[in-house]
Structures are given as C-alpha cells and as structure tokens.
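Asks: Below you will find the structure I want to go over with you.
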Amino acid sequence: MISERGDGRPRDAANPLNELPAVGGRIMAKILVCVAWPYASAPRHLGHAISTFIPADVFARYHRMKGDEVLMVGGSDMHGTPTMVRAEEEKVPVQEVAERFHALHTKNIEQLGVKYDLYWNTAAEDHKTWVQELFLDLQQKANVYEATMVSPFCTTGNHFLPDRYVEGTCPNCGFERARGDQCDSCGHLWDPFELKDPRCRIHGTAPVPRETKHFFFRLSAFEEPLKAWIASDKEHWRHHVLTFTRSWLQEGLKDRAMTRDLDWGIEVPVPGYETKRIYVWFEAVMGYLTATKEWFKLHGKPDGWKDFWYDPKAKHYYFIGKDNIVFHSIMWPAILMAADPKLVLPYDIVATQFLNISGEKMSGGRRKGVWLPDLLERFDPDQIRYYAVATMPEAKDTDFEWEDFAQRNNSELLAVYGNFVHRALTFADKNFNHEVPEAGYLDATDKALIRAIEEQWKRVGQNLEYVHLKDGLREAIQLARLGNQYFDQKAPWELVKKDRAACGTALHVALRAARSLALILAPFLPFSSQRLWNALGYDSEVHVQTWDEALEDVPAGQKLRVGRPLFTKIELETPEAEAADARFDVRVAEILDVKDHPNADKLYILTVDYGAGTRDIVSGIKNDYTPDQLRGRKIAYLLNLQPAKLRGVESHGMLLAGEDEHVVGLVLPPEDAPIGTQVLGVAGASELPFAEFQKYKLRVGEEGRVYFLGHNEEVRLPLKAGDAFLKVDKGLKEGTWVH
Ligand SMILES: [Zn+2]
Ligand SMILES: [Zn+2]
C-alpha cells in the first residue's frame, strides 16, 4: 500500500498556522491540479464555478508564483446524458450541443481569468484511444469482466434506459426526481430499480426489467485496499469528504457496470458491443490522466506525464462539488489501483459544499441570471472571483443572495482594498510629481505597517498551502484594512503642509503595501492585480513575479500611472426596480416654444419635440426660468403621464425638474444626447396615473447623478442617456418633482 506520500513536511495539519513556509532554498513541489469536468449541456452557473475552476485557479496561480511545477488540467464532459437529453429537447444532433457548450465553457473560463494548462474535452481522439486502451488492460487483468444484468427497458419507446433516463423517488431522502444512477439531492448512488416509482424520463411510463450484457468493473476487489488508503494520512482532508467516503466504504462496495446501452460516447473496443458505450463515470475521471498525457504530448515529451503520475512526491489536488465525492475518493482511486498500483492516488479532494441558488435567482428576470455568461456581461471578472472565494461554502451549504454579492464587493473589495490603493496612488501622483516618493526616517507606525505586510503575506501563504482559500483572502484584505488605518493615522493631506519629507515617507510605505497587495492578491484577483501593478509603474506581467517578491520595496522615483479606481460599485436592479422601470417612458425632448398660460400667472405652456412628435405641456416654472432660457433647451420629458387639464389647458406629460426651498432646477440630459433618447423606462409604457407617479421622489446622489426613488426608497431608478447620468440644473442636491 502507498503509505508515505508526503514531501517530508512536518505533519501539523491540525494547526497550519504554526508552520511557516520556508523562504529561499525551498524544495519545489510537483502539483497536479485536477478540475471536475463540467457537462457540455448548458451554461455553467456561479455555483459550479465556485466549487471547481475558480478555487483550482487560485490554488494553481499561487503555486506557480511559488515556483512549483504546476499542471492544471480538465475539460468538458461531452458524453454525459444531460447533453443527450438537451439534444433530444432541441431536436439537434448531440454532437452539436456538446461542441456548442464546450466552446461556451472554454470562453467563459478564459473570461474569468482561469488559466488551465489544458482545457480539453472527452470527445478528443486521444482521450478515446487511451480510455479504450485502459479498458482492455483492465479486462486483461481481470478487473473488468462481462456479465448479464437486468436493465430497465421502456416498452413504450422500445429502448433501454441508462442512468438519467430513469427518474424516481429517492428511498434515502425522498427527493422525487432522483436519477437512475444517483440522487442529486443527497448524493446517494442507486440502481434504477432501487428507486421508488421509477419511470422513463421521455415517456413517463414505468420500465420493465430486461436482461442485457455488460462489462463490469470489479470494484468489490478494492474495498480493503481503499479502506487502508483512507485510514492513512488523511488528516488534511476536509471533514465532510472523509466522513462521506468512510460511510460509503462501510456499506460495502459492489461491482459496477461500466458500459451502457447508448449510441453516444466512447465505443466499447470489443466485438458484439456496437450498440453500447463506455460509461461516463469511468471515462470522465480518467480524463485527469489522459489530459496530462495530452499536455506532454503537445509539448513534445510523450513520456513526461509519468513525472506527475509515478513520482510519489507529486501531489494531486482534485477540485470538485460535493455531489462528485464518491467518484474521486472511491471509484477513481480504485481504477488507478486496478491499472497500476504505482500510480499516484489523490493527495487531496477539495470538495466544496453547494452554493444554493433558488430557481428564481438562477434565471430570475431579464439579465438577472447567475449563469456565467450573464454575470460576465454585467460584472468585472474579479468581482465574480472575489465573491466566489469570499463566500466559498467550504464547511456547509450557503444560500446565494444578490444583496450579499453586491455588499461584499462594495463594502470589502471596493471600500477596503480599492479605496486604500486608490488613495495612496492618487495622493502621491498629485503631490509628488507623479512618482513614488523617497522614504526617509521610519517611525514606529511606518515600521508596524511594514511588519504587517510580512505577517499577512505569511498568513495568506499558510492558508493557501492548506487550500483554505476563504481564510487566505480574508487575511489579504486585512492588510488593505491595516493600510487604510495607516493612511488615516498619517493623514498625508495635513502632513504635506507641515512636513513634506514625512509625508513622502508615509506615501512610500503605503505604496509599498499596495505593491505587496498586488502580488498577494494576484492568485485571487488576476485582472485588478495587473491593473494595480501597472498603476504602480511596472511594465511587466504581475503573474510572472514570484510569491517572495511581495516582500520587496517599491523603488523611489518610479513613475506612477494612475488611472481609474480598481473597482466600480455594484448597483443592483431589484425585481421591484425592474417592475417600476417598466412603468415609465422618459425621453430626451427639446423645448420648441414657450407661451404664457392664459389663466394662470405662474404657468407656461411649452411645446416640446420628443423625437416622435410634438406635444404641449403645462409647467409651473415661470418664476424660475425665462422663456429665452427655455427655448431650444433639452429636457427630460415624461411622456406617458396621464393627461390632465390645468386651469382649462390640457397638459400632455411633464418635464422633470427638482426643487428645494430656494430654487427649481431642470433635470438635464447631456448636451449631445439625441432628441428621443430613452432616459428611463420603456418606449410605449402604458399611461401612468398622477397618483402613482407621486409615489416617486427625485434624489440627487454621488457626483450629481439623478434617480427616481420609490417604494420606501427600495427602488432606485437612474436617469441615464446611454452611459451618461442626467444631472440637475443649478447644483440642486435634493428635491421633489415640479409639475
Ligand atoms: Zn421510454
Ligand atoms: Zn436522495
């Protein structure tokens, strides 16, 4: 049995913070990062990314920075039945569906900054060949054998029903849509007839048992070896992974069918099996091995993979969701043992709990999905990565909330980290000739921050060693928090007037902390780290810097290149806001003519052009604007307000303006906004009663931006023409609407 798998590191997993990574003269580790294979059947959502490729990427990037030999592999599972089910629903060839989603996954992964060494797929020729070779090899070793089994057969459709084609109630947890091979709710594996009320997923009728010949993997033969393996050297495994695996082994292992009656998948390399295919549970996990082989083959070293798979010092980390534990802690190690007892078994199985996303939040409304393509369209990839790691459900399931998503980004990433580096950069840029100031005498406060850099760097590294990514990120943000405290304490805006040299020193130390943060956060937030690195005046790639370089100083005199802040605030559109938005039709209009109202001293009659016609509105701004100030002016025009007679003249719609105790100011679109541009709501919204409109208030927010506020201020509707916010004339800060 393989018992000594460590690299001689002291075994103190229970208390990782006691163990400091050595600096310099470190022995380089060989690390294989294996990422679960997503089905090529649908876009991936945030929950998938959180349990697989985002944590894997953070971990791999960290080890690359440390100088370790890292290979990160994975790809799309092309042969899973969900892909077939989708193809059937869409009435297109299954290969088309598989290729479409493989391309989408590849693109999303790249957009997220996830850097696989090889993102592959299981339809690749080499994968097929190597799977078939291993199949025959296992058959030769008598670990695979042929037997007759009873399979569910649908007499309605005249077909056998492999795994996902059977649905029924889980005897373990009562979940009503458990699949024929596994319950998605509790993770228990089943045979189709073990489910209560099994039925054909396509035809809805109960299947009958029918005999069919298949190949079986002799899993039972590996029960004892697996028990011995699990009993040794697993202190660093997550508790739930270990518990789950042990209880599985306790139930006893049964041989498992490794072929099925299907025509999509890898062909069984045995005559008489033309209508059957190799089961995905067998070939997809093999992908970790075949992808390693492929990477070395592509790099001209066809035997190089053995360095990773036969070196007992190589460490293999598997990043998966908790529904996949059994395949990685039992099936895959058993296959490896069966193939060659010298192959390297998993060192750690980093299984993440679920991020529960209710159906409503999953798809919810227009552009609201948590599907990666939607998220990537709306947010900076680092905002998605930050949230993913900061809320990673390591120990228990977590519920996804949009408010939480926005809040963590706004109050931590932006307010703590983004704010600190932006303050330090812009202040130095403005007051010290666009460069890093000289550091002079260091006082106790300066020295404390420099010590904190080293301390936090150490803590982040220790946590990453043990794949405690959430804690690692928290320690990194803590450094930014200390940076902010330092900045407030030093108050450079005052210091610059009293003691310019001391102010320069303070900014130098702050920029040194910012430089360290760019490197320490590079595994977590690759895009913003690169932006910060460039802003600090470096031309190089932040990702080729080493982990140890985070402790180095920033060179005085280096030219800064300060740009926009690192992050933008996330403003959520709530479902209430969406519904409210659809009630309005506000457009850019131009005032063509101004006349006095015949029956009222304070009212004008304005003729406005709103792009699709002209209308007359009655408006009470006579005391605030002269006709000359209004003629030819662009305004924000509420088109769908219910018409009303004001002192005998009918008014169609209304111009938007704000008022405080002193003045009235028009809401102004940008000068260059074309007439007819939609600034709020939707064109053709139904008539809006005045009473309903009155529930909204005008609010002027940051930088003079204008909003409608409604429903106890929960709804915030920005008035925008394209990307530009509308402003209020005369510098009004608050106000109500003027009719
Ligand atoms: Zn059927
Ligand atoms: Zn269940």
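By convention here, the chains of the structure tokens are called A, B, ... in the order presented, each chain's residues are numbered starting at 1, and ligands are numbered starting at 1 in the order presented.
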Could the residues that lie within 6 Å of ligand 2, counting only C-alpha atoms and all ligand atoms, be listed as a PyMOL selection string?

Replies: chain A and resi 170+172-175+183+185-186+188

Asks: Write out, as a PDB file, in the first residue's frame, the residues just selected, with C-alpha atoms.

Replies:
```
ATOM      1  CA  CYS A 170     -35.015   8.514  -3.627  1.00  0.00           C
ATOM      2  CA  ASN A 172     -32.903   7.698   1.214  1.00  0.00           C
ATOM      3  CA  CYS A 173     -34.107  11.305   1.232  1.00  0.00           C
ATOM      4  CA  GLY A 174     -37.480  11.222  -0.541  1.00  0.00           C
ATOM      5  CA  PHE A 175     -36.364  13.514  -3.393  1.00  0.00           C
ATOM      6  CA  CYS A 183     -29.871  11.198  -6.196  1.00  0.00           C
ATOM      7  CA  SER A 185     -30.326  15.851  -3.546  1.00  0.00           C
ATOM      8  CA  CYS A 186     -28.465  13.576  -1.114  1.00  0.00           C
ATOM      9  CA  HIS A 188     -26.601   8.566  -2.805  1.00  0.00           C
TER      10      HIS A 188
END
```

Asks: For region 235-242 of chain A, find every residue with an atom within 10 Å (counting only C-alpha atoms), except residues of its own chain fewer than 3 positions away, and show them as a PyMOL selection string.

Replies: chain A and resi 11-14+16+230-232+245-248+322+325-326+329+347-353+394-396+466-467

Asks: Residues within 12 Å of ligand 1 (only C-alpha atoms and all ligand atoms), as a ChimeraX atom specification?

Replies: /A:152-162,164-167,198-208

Asks: Keeping only C-alpha atoms, write those residues as a compact mmCIF listing (two decimals), in the first residue's frame.

Replies:
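Heads up, here's the output in result-v4.txt:
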```txt
# COMPACT_ATOMS: atom_id res chain seq x y z
CA PRO A 152 -34.79 -1.04 -17.14
CA PHE A 153 -36.41 -1.27 -20.55
CA CYS A 154 -39.10 1.12 -21.73
CA THR A 155 -41.71 -0.79 -23.71
CA THR A 156 -43.40 2.45 -24.80
CA GLY A 157 -40.32 3.67 -26.66
CA ASN A 158 -38.71 0.26 -27.13
CA HIS A 159 -35.38 1.31 -25.58
CA PHE A 160 -33.12 0.57 -22.63
CA LEU A 161 -32.94 3.34 -20.05
CA PRO A 162 -29.47 4.23 -18.88
CA ARG A 164 -30.54 9.71 -16.33
CA TYR A 165 -33.29 8.32 -18.48
CA VAL A 166 -34.84 6.85 -15.36
CA GLU A 167 -36.39 9.07 -12.72
CA PRO A 198 -39.19 4.50 -11.45
CA ARG A 199 -40.30 5.90 -14.81
CA CYS A 200 -38.91 6.63 -18.29
CA ARG A 201 -37.93 10.26 -18.48
CA ILE A 202 -39.05 10.56 -22.07
CA HIS A 203 -42.29 8.58 -21.99
CA GLY A 204 -43.24 8.80 -18.32
CA THR A 205 -44.18 5.13 -18.13
CA ALA A 206 -42.78 2.51 -15.74
CA PRO A 207 -39.89 0.50 -17.21
CA VAL A 208 -39.73 -3.31 -17.07
```

Asks: Pick from A:Arg378, A:Lys430, A:Lys234, A:Ala178: nearest to Trp190 (chain A), with only C-alpha atoms counted?

Replies: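 That would be A:Ala178, the residue with the smallest distance to Trp190 (chain A).
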
Asks: Do you know which residues are at most 9 Å from region 562-579 of chain A counting only C-alpha atoms, after dropping those on the same chain fewer than 4 positions away, and could you put them as a ChimeraX atom specification?

Replies: /A:364-366,368,379-380,382-383,402-403,405-407,409-410,413-414,417-419,421-422,425-426,429,434,528-529,531-532,534-537,583,681,710-711,714-717

Asks: As a PyMOL selection string, please: the residues near region 668-679 of chain A (cut-off 9 Å, only C-alpha atoms, same-chain neighbours under 4 positions excluded).

Replies: chain A and resi 585-590+609-612+633-637+656-657+683+718-722+724-729

Asks: Using the selection just defined, write its residues with C-alpha atoms as a PDB file, in the first residue's frame.

Replies:
```pdb
ATOM      1  CA  ASP A 585     -41.426  56.372 -20.539  1.00  0.00           C
ATOM      2  CA  VAL A 586     -38.991  59.263 -20.104  1.00  0.00           C
ATOM      3  CA  ARG A 587     -37.118  60.654 -23.119  1.00  0.00           C
ATOM      4  CA  VAL A 588     -34.859  63.478 -24.155  1.00  0.00           C
ATOM      5  CA  ALA A 589     -37.004  66.259 -25.638  1.00  0.00           C
ATOM      6  CA  GLU A 590     -36.394  69.789 -26.894  1.00  0.00           C
ATOM      7  CA  ASP A 609     -40.427  67.780 -29.563  1.00  0.00           C
ATOM      8  CA  TYR A 610     -39.793  64.294 -28.166  1.00  0.00           C
ATOM      9  CA  GLY A 611     -38.453  62.715 -31.343  1.00  0.00           C
ATOM     10  CA  ALA A 612     -41.654  61.019 -32.439  1.00  0.00           C
ATOM     11  CA  ARG A 633     -33.241  73.609 -24.312  1.00  0.00           C
ATOM     12  CA  LYS A 634     -33.045  69.844 -23.969  1.00  0.00           C
ATOM     13  CA  ILE A 635     -35.071  68.397 -21.109  1.00  0.00           C
ATOM     14  CA  ALA A 636     -36.112  65.058 -19.618  1.00  0.00           C
ATOM     15  CA  TYR A 637     -39.723  64.555 -20.660  1.00  0.00           C
ATOM     16  CA  LEU A 656     -38.736  66.751 -14.951  1.00  0.00           C
ATOM     17  CA  ALA A 657     -37.253  69.251 -12.557  1.00  0.00           C
ATOM     18  CA  ALA A 683     -40.964  53.250 -25.000  1.00  0.00           C
ATOM     19  CA  PRO A 718     -31.192  56.046 -12.510  1.00  0.00           C
ATOM     20  CA  LEU A 719     -31.910  58.563 -15.266  1.00  0.00           C
ATOM     21  CA  LYS A 720     -29.350  57.901 -17.967  1.00  0.00           C
ATOM     22  CA  ALA A 721     -28.793  58.697 -21.601  1.00  0.00           C
ATOM     23  CA  GLY A 722     -26.581  55.879 -22.822  1.00  0.00           C
ATOM     24  CA  ALA A 724     -24.163  59.238 -19.010  1.00  0.00           C
ATOM     25  CA  PHE A 725     -26.220  60.109 -15.979  1.00  0.00           C
ATOM     26  CA  LEU A 726     -28.555  63.080 -16.089  1.00  0.00           C
ATOM     27  CA  LYS A 727     -27.845  65.994 -13.748  1.00  0.00           C
ATOM     28  CA  VAL A 728     -29.946  68.689 -12.136  1.00  0.00           C
ATOM     29  CA  ASP A 729     -29.502  72.322 -13.122  1.00  0.00           C
TER      30      ASP A 729
END
```

Asks: Leaving out Ala491 (chain A) and any residue of its chain fewer than 6 positions from it, which residues lie within 10 Å of it when counting only C-alpha atoms, given as a ChimeraX atom specification?

Replies: /A:485,503,506

Asks: Restricted to N, CA and C atoms, what would the selected residues look like written as a PDB file, in the first residue's frame?

Replies:
```
ATOM      1  N   GLN A 485      -6.042  52.115   7.798  1.00  0.00           N
ATOM      2  CA  GLN A 485      -5.844  52.683   9.144  1.00  0.00           C
ATOM      3  C   GLN A 485      -4.564  53.510   9.190  1.00  0.00           C
ATOM      4  N   CYS A 503       5.670  63.188   4.893  1.00  0.00           N
ATOM      5  CA  CYS A 503       4.525  62.832   4.047  1.00  0.00           C
ATOM      6  C   CYS A 503       4.983  61.893   2.938  1.00  0.00           C
ATOM      7  N   ALA A 506       5.446  58.463   4.322  1.00  0.00           N
ATOM      8  CA  ALA A 506       4.161  57.785   4.557  1.00  0.00           C
ATOM      9  C   ALA A 506       3.595  57.228   3.247  1.00  0.00           C
TER      10      ALA A 506
END
```

Asks: Counting only C-alpha atoms, what is within 7 Å of Arg260 (chain A), bar same-chain residues fewer than 5 positions away, as a PyMOL selection string?

Replies: chain A and resi 162+214+276-279

Asks: With C-alpha atoms retained, export the selected residues as a compact mmCIF listing (two decimals), in the first residue's frame.

Replies:
```txt
# COMPACT_ATOMS: atom_id res chain seq x y z
CA PRO A 162 -29.47 4.23 -18.88
CA HIS A 214 -22.43 -5.50 -20.00
CA LYS A 276 -23.14 0.05 -26.25
CA ARG A 277 -20.78 2.71 -24.95
CA ILE A 278 -18.33 3.11 -22.06
CA TYR A 279 -20.00 4.70 -19.05
```

Asks: Report, in Å to a single decimal, how far apart CA of Glu274 (chain A) and CA of Glu96 (chain A) are.

Replies: 22.0 Å

Asks: Which neighbours of region 43-55 of chain A fall inside 6 Å, counting only C-alpha atoms, when residues of the same chain fewer than 3 positions from it are skipped, and could you give them as a list in words?

Replies: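 The residues satisfying every condition are Val35, Val58, Phe319, Ile320, Gly321, Thr352, Leu355, Val370, Trp371, Leu372 and Ala388 of chain A.
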
Asks: Looking only at alpha helix (DSSP H) from DSSP on the backbone, list the matching residues of region 490-640 of chain A as a PyMOL selection string.

Replies: chain A and resi 490+492-498+500-520+526-535+575-581+627-630

Asks: I'd like to know which of A:Leu219, A:Ile27, A:Leu511, A:Val649 is closest to Arg423 (chain A), using only C-alpha atoms.

Replies: A:Leu511

Asks: With only C-alpha atoms as the atoms that count, which of A:Glu267, A:Glu552, A:Asp184, A:Asp404 lies nearest to Glu125 (chain A)?

Replies: A:Glu267

Asks: Name the closest residue to Ala29 (chain A) among the candidates A:Lys315, A:Lys297, A:Lys128, A:Lys730; distances are taken between atoms, counting only C-alpha atoms.

Replies: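 Looking only at the distances to Ala29 (chain A), the closest residue turns out to be A:Lys315.
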